[in-house]
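Worksheet for the structure shown next.
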Amino acid sequence: MSENAVLIVLFAIIGGALRVSTPFMFVALGECLTEKSGRVNLGLEGTLVLGAMSAYAVSYHSGSPWLGVFAAGCAGSVLGGMHGYICKLPKVNDIAIGIAMMLFGTGVAFFFGKAYIQPSAPRLGSFSLGAWTGSAQLTTALQVNPLLLVGVAVALLMAWAFANTKWGLIVRMTGDSAPAARAMGVSVDLVRFLATTLGGFLAGVGGAFLSLYYPGSWNQGLSSGQGLMAVALVIFARWSPMRCVIAALLFGAAGAIGPALQSVGITQGYYFFNAAPYILTLAIMIASAGSKRAMRDVPGELSITK
Amino acid sequence: MADIAEPLRASSLAGGASDLSIRLRRGAEYVAIPLFALATSAVLFALFLLALGKSPLEFFELVYRGGFGTAFSIQNTLQRSAPLILTALAVAVPARIGLVMIGGEGALVMGGFAAAALAIPLVTGKAPVMLTLALMGVTGAFVGAVWVGIVGYLRHARGVNETISSLLLTYIGIAIMNFFVEGSLRDLTNPNKPSTMPLGEAYMVGKLPGTDVHWGLAAGIILAILLSVLLSRTTFGFAVRVAGGNPRAALAQGLPVGKLIVICCMIAGACAGLAGFFEVAAIQGRANASLVAGYGFTGILISFLARHNPLAIIPVAIMFGGIVASGGLIQRRMDLPDATVLVLQGLTFVVLLVSETLYGRFKIFQAGGTVERT
C-alpha cells in the first residue's frame with residue numbers, strides 16, 4: 001500500500017470515528033445514567049431503532065430535522081419510561097424486560113417505519129472542524145454534526161453533575177445502595193424511573209443521528225446492535241461519562257475500518273471488518289469483566305455484573 | 001430468576017395428599033397467569049389495530065385461517081414450529097440454571113451454515129444420502145453447541161454477562177456466514193442471492209409419513225421430551241435446578257456449577273444448531289441470508305411463555321408457528337406491514353413479563369396460605 005493510500009485510510013478512519021461514534025455516545029451516556037441509578041436497560045437497541053424511525057418520520061412531515069431529533073428523544077423517553085415503570089413492580093426481572101423492550105421497540109419502529117423507507121426527509125447539516133487547515137482531505141475527514149458536540153457537552157454535564165450536585169449524589173446513592181437511599185427519604189423507584197426515562201431520551205437522540213445524518217436514511221437494517229454494544233461499552237467505561245465518550249470514539253474507529261479500507265479498494269474480508277465492532281465489544285467485555293478496577297467502580301445495586 | 005427454584009420448594013413440602021394439592025394449585029397458577037397475559041396482550045393488540053382503523057376480528061380470523069384453518073395451513077404451521085421448538089429449548093435449558101441466554105439466532109445460523117458447508121464436498125463426492133445428512137446434523141448441532149458453549153464458558157470463567165455476549169455472538173455469527181456465503185463458498189451459478197451450493201432434491205431431509213411436514217418437528221418434540229426428563233427426573237437436572245436457584249449454596253454443596261453452566265449452554269446451542277441444520281436441509285436447501293429469519297428471537301418469547309418448561313414449549317411453539325405462518329395472509333388481506341407480527345410478539349413479551357408480578361397474589365393458587373412466596 002502506498003503512503004498516500006495509508007493517509008487516505010487514516011483520514012477515513014478518523015472521519016468515520018467522528019461520524020460513527022455519535023450514536024454509541026448517546027446510547028452509552030443514557031445507559032450510564034440508568035446504570036448509575038442501579039438498573040440495567042438492555043432495551044436501548046429498540047430505543048435506538050424507534051428513535052431513528054420517529055426522527056425520520058417527523059423530519060419528513062415537518063421539514064425540520066431538529067424537531068425530528070426532539071421527537072426521537074420523546075419516543076425514547078416513552079420506551080425508557082415503560083421500562084422504568086415496569087421494573088419497579090415486584091418479581092420483574094430488569095434484564096428480561098430489556099429484551100422484551102428491544103423486540104417491542106424494533107417491532108413498533110418497523111411497523112410504522114414501512115411508509116418512510118422510500119421518501120427522503122430533510123437531514124441534519126454538518127460543519128467541518130478542519131476547514132482552517134486549508135487541506136481538502138482534512139476538511140472532509142473532520143466533517144462533524146452538531147450532535148457530536150451536544151453529546152460531548154452532555155457527557156461533561158453528567159460528569160460534573162454526578163460529582164458536584166445534589167441530584168448527582170442522589171442518583172449515585174440509589175445505585176450504590178437502595179436501603180441507604182430509602183433511609184435518606186429518597187424514593188428509589190422514582191429516581192430509577194426518571195434515570196431510565198432520561199436515558200431513553202438520550203438513546204432516542206442517538207437514533208435520530210442514525211437516520212438523519214449518518215447513514216442518513218431510514219431502513220430496517222439501520223442499527224444492527226449498536227444499542228447493545230453501547231450497553232456493553234458502559235461496563236468498559238466503568239460508569240464514567242467521559243470515558244463513555246472516549247470508548248464511543250474507539251468504537252466508531254473500529255466500525256470505520258471496513259468502509260475505510262473499501263474506499264481504497266481493499267474489499268477482502270469486508271464482512272470481518274463489519275464484525276470488528278462486535279468482536280471488539282466481546283474482547284473488551286472479556287477483558288474488563290471481573291477486573292478489580294471494574295469491580296471498584298460498579299454501582300452496588302447493578303444486576304448485570306453479578 | 002428466583003422463580004426457577006420454586007418447584008423445588010413446593011416438592012420439598014412433601015406430605016401425601018397435601019403435596020398433590022399444592023402441586024395442582026401451583027400448576028394451575030403457572031398455566032392461568034400466562035394465559036391471562038396472552039389474553040391481555042390480545043386485547044391490547046386489538047385496541048392497537050382499532051386505533052389504526054383495522055378490524056381486530058378480521059386479524060384474529062386470518063390468524064386462525066392462515067395458521068390452523070385448513071390441513072394445508074396446519075402443516076405449514078407445524079413446519080414453522082419445528083425451528084421454534086428448538087430455539088425455545090435453547091433459551092429454556094440455560095434459564096433453568098439462571099442464565100438469560102438469547103443467542104439462539106446466532107447458533108441457528110452457525111449450525112445451519114456449518115451443515116451446508118460440510119455438505120459441499122459430500123454432495124459433490126456423491127456420498128450416501130443418510131450418511132451425509134447424519135454428518136450434517138451432527139456438525140450443525142456440534143457447531144451450535146460450541147457457539148453457545150463459549151457464552152457459558154465466558155460466564156463461568158470471566159463473569160461476562162451472558163445476555164450481552166450471546167447477542168454479540170449472534171451478530172458475529174451472521175457476519176461469518178455472510179463472509180463465506182458471499183466469498184469463498186458462494187455458488188457462482190446462482191447470480192441472484194449469494195448462497196452456498198444447493199444440496200439438491202436427493203439430499204434433502206424427507207417429510208414425516210403422510211404429511212408435508214419435515215422431520216425437524218419430530219426431532220424438536222423428541223428433544224423437548226428428552227430434555228424434560230433430563231431436567232426434572234435426573235440427578236443432573238436436580239443439580240441444575242439447585243445451581244439455578246442458589247449458585248452459592250450449590251457451590252457449598254460441592255456441585256460443579258461452572259461445568260453445569262457450560263453443559264447447559266452447550267445443550268442449548270446444540271438445539272439451535274439442529275434447528276439451523278433442518279432449515280438448511282429441509283427448507284432452504286442451501287445456506288444464505290434467509291437463515292436469519294428471527295426464529296431465535298421468537299424462541300425467547302416462547303420459552304418465557306412456557307415458563308422454560310420443555311413440554312409446555314411444544315404447544316406454545318405451535319401457536320406462534322401459526323402466527324408466523326399467517327403473517328403473509330395478514331399482510332395481503334389487511335394491508336398491514338410484515339412487522340405486525342413483531343409488534344404482537346413484542347407486546348406479548350412485555351405483558352407477559354409484567355404478569356410475573358401477579359404470582360402469589362391470588363389466594364386460590366395458594367394451599368391454605370402455607371406457601372409464602374417471596
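Labels for the C-alpha cells follow display order: chains A, B, ..., residues from 1 in each chain, ligands from 1.
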
Checklist entry - Leaving out range 150-159 of chain B and any residue of its chain fewer than 6 positions from it, which residues lie within 6 Å of it when counting only C-alpha atoms, given as an MDAnalysis selection string? => result chainID B and resid 166 258 261:262 265

For those residues, write N, CA and C atoms to a file as a CSV table (one decimal), in the first residue's frame.
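See out_8.csv below for the written result:
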chain,number,residue,atom,x,y,z
B,166,SER,N,-24.1,-13.3,24.3
B,166,SER,CA,-24.8,-14.2,23.4
B,166,SER,C,-25.4,-13.4,22.2
B,258,GLY,N,-19.8,-24.4,37.5
B,258,GLY,CA,-19.2,-23.9,36.2
B,258,GLY,C,-19.4,-24.9,35.1
B,261,ILE,N,-23.0,-25.0,34.0
B,261,ILE,CA,-23.4,-23.9,33.2
B,261,ILE,C,-22.9,-24.1,31.7
B,262,VAL,N,-21.7,-24.6,31.6
B,262,VAL,CA,-21.2,-24.8,30.2
B,262,VAL,C,-22.0,-25.9,29.5
B,265,CYS,N,-25.4,-24.6,28.4
B,265,CYS,CA,-25.3,-23.8,27.3
B,265,CYS,C,-25.0,-24.6,26.0

Item to check | Residues of chain B within 8 Å of chain A, counting only C-alpha atoms, as a PyMOL selection string | outcome: chain B and resi 1+100+154+158-161+164-165+168-169+171-172+175-176+178-179+337-343+345-347+349-350+353-354+356-357

Quick one: DSSP alpha helix (DSSP H) residues in range 13-58 of chain A, as a PDB file with N, CA and C atoms, in the first residue's frame?
ATOM      1  N   ILE A  13     -10.615   6.723   8.598  1.00  0.00           N
ATOM      2  CA  ILE A  13     -10.931   6.135   9.906  1.00  0.00           C
ATOM      3  C   ILE A  13     -11.251   7.230  10.914  1.00  0.00           C
ATOM      4  N   ILE A  14     -10.461   8.316  10.883  1.00  0.00           N
ATOM      5  CA  ILE A  14     -10.734   9.416  11.818  1.00  0.00           C
ATOM      6  C   ILE A  14     -12.103  10.015  11.536  1.00  0.00           C
ATOM      7  N   GLY A  15     -12.336  10.289  10.253  1.00  0.00           N
ATOM      8  CA  GLY A  15     -13.632  10.847   9.890  1.00  0.00           C
ATOM      9  C   GLY A  15     -14.757   9.907  10.264  1.00  0.00           C
ATOM     10  N   GLY A  16     -14.531   8.621  10.002  1.00  0.00           N
ATOM     11  CA  GLY A  16     -15.536   7.622  10.328  1.00  0.00           C
ATOM     12  C   GLY A  16     -15.781   7.569  11.825  1.00  0.00           C
ATOM     13  N   ALA A  17     -14.700   7.650  12.600  1.00  0.00           N
ATOM     14  CA  ALA A  17     -14.841   7.595  14.052  1.00  0.00           C
ATOM     15  C   ALA A  17     -15.717   8.742  14.526  1.00  0.00           C
ATOM     16  N   LEU A  18     -15.490   9.944  13.966  1.00  0.00           N
ATOM     17  CA  LEU A  18     -16.289  11.100  14.384  1.00  0.00           C
ATOM     18  C   LEU A  18     -17.751  10.910  13.989  1.00  0.00           C
ATOM     19  N   ARG A  19     -17.978  10.290  12.829  1.00  0.00           N
ATOM     20  CA  ARG A  19     -19.347  10.097  12.368  1.00  0.00           C
ATOM     21  C   ARG A  19     -20.043   8.957  13.089  1.00  0.00           C
ATOM     22  N   VAL A  20     -19.347   7.810  13.138  1.00  0.00           N
ATOM     23  CA  VAL A  20     -19.991   6.592  13.629  1.00  0.00           C
ATOM     24  C   VAL A  20     -20.172   6.622  15.151  1.00  0.00           C
ATOM     25  N   SER A  21     -19.303   7.399  15.831  1.00  0.00           N
ATOM     26  CA  SER A  21     -19.297   7.303  17.293  1.00  0.00           C
ATOM     27  C   SER A  21     -20.505   7.952  17.947  1.00  0.00           C
ATOM     28  N   THR A  22     -21.141   8.929  17.274  1.00  0.00           N
ATOM     29  CA  THR A  22     -22.174   9.704  17.955  1.00  0.00           C
ATOM     30  C   THR A  22     -23.316   8.849  18.526  1.00  0.00           C
ATOM     31  N   PRO A  23     -23.913   7.942  17.720  1.00  0.00           N
ATOM     32  CA  PRO A  23     -24.977   7.128  18.335  1.00  0.00           C
ATOM     33  C   PRO A  23     -24.477   6.287  19.507  1.00  0.00           C
ATOM     34  N   PHE A  24     -23.266   5.733  19.377  1.00  0.00           N
ATOM     35  CA  PHE A  24     -22.695   4.992  20.508  1.00  0.00           C
ATOM     36  C   PHE A  24     -22.648   5.871  21.739  1.00  0.00           C
ATOM     37  N   MET A  25     -22.208   7.114  21.514  1.00  0.00           N
ATOM     38  CA  MET A  25     -22.006   8.036  22.628  1.00  0.00           C
ATOM     39  C   MET A  25     -23.324   8.301  23.350  1.00  0.00           C
ATOM     40  N   PHE A  26     -24.365   8.615  22.558  1.00  0.00           N
ATOM     41  CA  PHE A  26     -25.644   8.940  23.197  1.00  0.00           C
ATOM     42  C   PHE A  26     -26.221   7.737  23.936  1.00  0.00           C
ATOM     43  N   VAL A  27     -26.195   6.581  23.294  1.00  0.00           N
ATOM     44  CA  VAL A  27     -26.758   5.405  23.960  1.00  0.00           C
ATOM     45  C   VAL A  27     -25.946   5.088  25.216  1.00  0.00           C
ATOM     46  N   ALA A  28     -24.615   5.180  25.102  1.00  0.00           N
ATOM     47  CA  ALA A  28     -23.775   4.857  26.263  1.00  0.00           C
ATOM     48  C   ALA A  28     -24.038   5.840  27.401  1.00  0.00           C
ATOM     49  N   LEU A  29     -24.205   7.115  27.070  1.00  0.00           N
ATOM     50  CA  LEU A  29     -24.471   8.099  28.129  1.00  0.00           C
ATOM     51  C   LEU A  29     -25.823   7.819  28.781  1.00  0.00           C
ATOM     52  N   GLY A  30     -26.825   7.485  27.946  1.00  0.00           N
ATOM     53  CA  GLY A  30     -28.134   7.158  28.501  1.00  0.00           C
ATOM     54  C   GLY A  30     -28.059   5.954  29.417  1.00  0.00           C
ATOM     55  N   GLU A  31     -27.346   4.924  28.948  1.00  0.00           N
ATOM     56  CA  GLU A  31     -27.226   3.712  29.756  1.00  0.00           C
ATOM     57  C   GLU A  31     -26.413   3.988  31.016  1.00  0.00           C
ATOM     58  N   CYS A  32     -25.418   4.857  30.879  1.00  0.00           N
ATOM     59  CA  CYS A  32     -24.584   5.207  32.031  1.00  0.00           C
ATOM     60  C   CYS A  32     -25.445   5.817  33.132  1.00  0.00           C
ATOM     61  N   LEU A  33     -26.320   6.728  32.728  1.00  0.00           N
ATOM     62  CA  LEU A  33     -27.209   7.366  33.700  1.00  0.00           C
ATOM     63  C   LEU A  33     -28.114   6.323  34.353  1.00  0.00           C
ATOM     64  N   THR A  34     -28.702   5.455  33.527  1.00  0.00           N
ATOM     65  CA  THR A  34     -29.617   4.438  34.057  1.00  0.00           C
ATOM     66  C   THR A  34     -28.886   3.500  35.011  1.00  0.00           C
ATOM     67  N   GLU A  35     -27.694   3.064  34.587  1.00  0.00           N
ATOM     68  CA  GLU A  35     -26.969   2.099  35.421  1.00  0.00           C
ATOM     69  C   GLU A  35     -26.455   2.750  36.700  1.00  0.00           C
ATOM     70  N   LYS A  36     -26.143   4.035  36.641  1.00  0.00           N
ATOM     71  CA  LYS A  36     -25.715   4.738  37.857  1.00  0.00           C
ATOM     72  C   LYS A  36     -26.805   4.698  38.911  1.00  0.00           C
ATOM     73  N   LEU A  44     -32.144  -0.647  24.994  1.00  0.00           N
ATOM     74  CA  LEU A  44     -31.793   0.580  24.269  1.00  0.00           C
ATOM     75  C   LEU A  44     -31.587   0.341  22.775  1.00  0.00           C
ATOM     76  N   GLU A  45     -31.315  -0.907  22.382  1.00  0.00           N
ATOM     77  CA  GLU A  45     -31.243  -1.210  20.954  1.00  0.00           C
ATOM     78  C   GLU A  45     -32.587  -0.875  20.289  1.00  0.00           C
ATOM     79  N   GLY A  46     -33.670  -1.302  20.947  1.00  0.00           N
ATOM     80  CA  GLY A  46     -35.006  -0.994  20.415  1.00  0.00           C
ATOM     81  C   GLY A  46     -35.281   0.496  20.449  1.00  0.00           C
ATOM     82  N   THR A  47     -34.810   1.170  21.519  1.00  0.00           N
ATOM     83  CA  THR A  47     -34.988   2.608  21.637  1.00  0.00           C
ATOM     84  C   THR A  47     -34.287   3.340  20.500  1.00  0.00           C
ATOM     85  N   LEU A  48     -33.079   2.871  20.199  1.00  0.00           N
ATOM     86  CA  LEU A  48     -32.291   3.485  19.119  1.00  0.00           C
ATOM     87  C   LEU A  48     -33.043   3.383  17.795  1.00  0.00           C
ATOM     88  N   VAL A  49     -33.584   2.207  17.514  1.00  0.00           N
ATOM     89  CA  VAL A  49     -34.274   1.997  16.242  1.00  0.00           C
ATOM     90  C   VAL A  49     -35.558   2.830  16.191  1.00  0.00           C
ATOM     91  N   LEU A  50     -36.308   2.819  17.297  1.00  0.00           N
ATOM     92  CA  LEU A  50     -37.548   3.599  17.305  1.00  0.00           C
ATOM     93  C   LEU A  50     -37.232   5.092  17.188  1.00  0.00           C
ATOM     94  N   GLY A  51     -36.150   5.531  17.855  1.00  0.00           N
ATOM     95  CA  GLY A  51     -35.739   6.931  17.756  1.00  0.00           C
ATOM     96  C   GLY A  51     -35.409   7.295  16.323  1.00  0.00           C
ATOM     97  N   ALA A  52     -34.677   6.419  15.647  1.00  0.00           N
ATOM     98  CA  ALA A  52     -34.305   6.683  14.257  1.00  0.00           C
ATOM     99  C   ALA A  52     -35.547   6.832  13.394  1.00  0.00           C
ATOM    100  N   MET A  53     -36.506   5.927  13.589  1.00  0.00           N
ATOM    101  CA  MET A  53     -37.722   5.967  12.784  1.00  0.00           C
ATOM    102  C   MET A  53     -38.517   7.240  13.074  1.00  0.00           C
ATOM    103  N   SER A  54     -38.719   7.554  14.367  1.00  0.00           N
ATOM    104  CA  SER A  54     -39.528   8.731  14.712  1.00  0.00           C
ATOM    105  C   SER A  54     -38.883   9.993  14.174  1.00  0.00           C
ATOM    106  N   ALA A  55     -37.548  10.082  14.313  1.00  0.00           N
ATOM    107  CA  ALA A  55     -36.859  11.274  13.842  1.00  0.00           C
ATOM    108  C   ALA A  55     -37.083  11.461  12.343  1.00  0.00           C
ATOM    109  N   TYR A  56     -36.942  10.354  11.616  1.00  0.00           N
ATOM    110  CA  TYR A  56     -37.075  10.438  10.168  1.00  0.00           C
ATOM    111  C   TYR A  56     -38.488  10.842   9.783  1.00  0.00           C
ATOM    112  N   ALA A  57     -39.473  10.207  10.455  1.00  0.00           N
ATOM    113  CA  ALA A  57     -40.868  10.489  10.123  1.00  0.00           C
ATOM    114  C   ALA A  57     -41.209  11.938  10.432  1.00  0.00           C
ATOM    115  N   VAL A  58     -40.816  12.415  11.612  1.00  0.00           N
ATOM    116  CA  VAL A  58     -41.167  13.783  11.993  1.00  0.00           C
ATOM    117  C   VAL A  58     -40.437  14.790  11.115  1.00  0.00           C
TER     118      VAL A  58
END

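Residues in contact range of Ser240 in chain A, defined as at most 9 Å between only C-alpha atoms, with sequence neighbours fewer than 6 positions away removed, read A:Leu29, A:Cys32, A:Ala155, A:Met158, A:Ala159, A:Val234, A:Asp297.
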
Item to check | Contact residues around Phe277 in chain B with only C-alpha atoms at 9 Å, ignoring same-chain residues under 5 positions, as a PyMOL selection string | outcome: chain B and resi 108-109+111-116+136-141+216+272+282

Next on the checklist: as JSON, numbers by chain, please: the residues near Ile97 in chain B (cut-off 7 Å, only C-alpha atoms, same-chain neighbours under 6 positions excluded).
Outcome noted: {"B": [240, 241, 243, 244, 261]}

Checklist entry - Please, what distance in Å, to one decimal, runs between CA of Gly73 in chain A and CA of Phe209 in chain A? => result 11.0 Å

Next on the checklist: So that I can check the surroundings of Ala82 in chain B, please list as a VMD selection string every protein, DNA and RNA residue that reaches within 9 Å of it, counting only C-alpha atoms and ignoring chain neighbours fewer than 5 positions away.
Outcome noted: chain B and resid 77 87 214 to 221 275 278 317 to 318 321

Item to check | Residue contacts of Leu124 in chain A (12 Å, only C-alpha atoms) excluding same-chain residues fewer than 2 positions away, as number ranges by chain | outcome: A: 55-56, 59-60, 63-69, 121-122, 126-127, 144-148, 208-217

Can you spit out the residues from that selection as a CSV table (one decimal), in the first residue's frame, using C-alpha atoms?
chain,number,residue,atom,x,y,z
A,55,ALA,CA,-36.9,11.3,13.8
A,56,TYR,CA,-37.1,10.4,10.2
A,59,SER,CA,-38.4,15.4,9.9
A,60,TYR,CA,-40.2,14.3,6.8
A,63,GLY,CA,-39.5,19.7,7.3
A,64,SER,CA,-37.4,20.3,10.4
A,65,PRO,CA,-34.7,17.8,11.3
A,66,TRP,CA,-34.2,19.2,14.7
A,67,LEU,CA,-37.9,18.7,15.5
A,68,GLY,CA,-37.2,15.1,14.4
A,69,VAL,CA,-34.3,14.9,16.9
A,121,ALA,CA,-36.5,13.6,4.7
A,122,PRO,CA,-34.5,16.7,5.4
A,126,SER,CA,-22.7,19.4,9.3
A,127,PHE,CA,-19.7,21.7,9.6
A,144,VAL,CA,-18.9,16.7,12.2
A,145,ASN,CA,-22.5,17.0,13.1
A,146,PRO,CA,-23.6,19.4,15.9
A,147,LEU,CA,-25.0,16.4,17.7
A,148,LEU,CA,-21.5,15.1,18.3
A,208,ALA,CA,-32.1,10.4,15.3
A,209,PHE,CA,-28.4,10.7,14.3
A,210,LEU,CA,-28.5,7.4,12.5
A,211,SER,CA,-31.5,8.3,10.3
A,212,LEU,CA,-30.9,12.0,9.9
A,213,TYR,CA,-27.1,12.2,9.5
A,214,TYR,CA,-25.1,9.1,9.1
A,215,PRO,CA,-26.0,6.7,7.3
A,216,GLY,CA,-28.8,9.3,6.8
A,217,SER,CA,-31.8,7.3,5.7

Item to check | Between CA of Ser290 in chain B and CA of Asn192 in chain B - distance in Å to one decimal | outcome: 13.1 Å
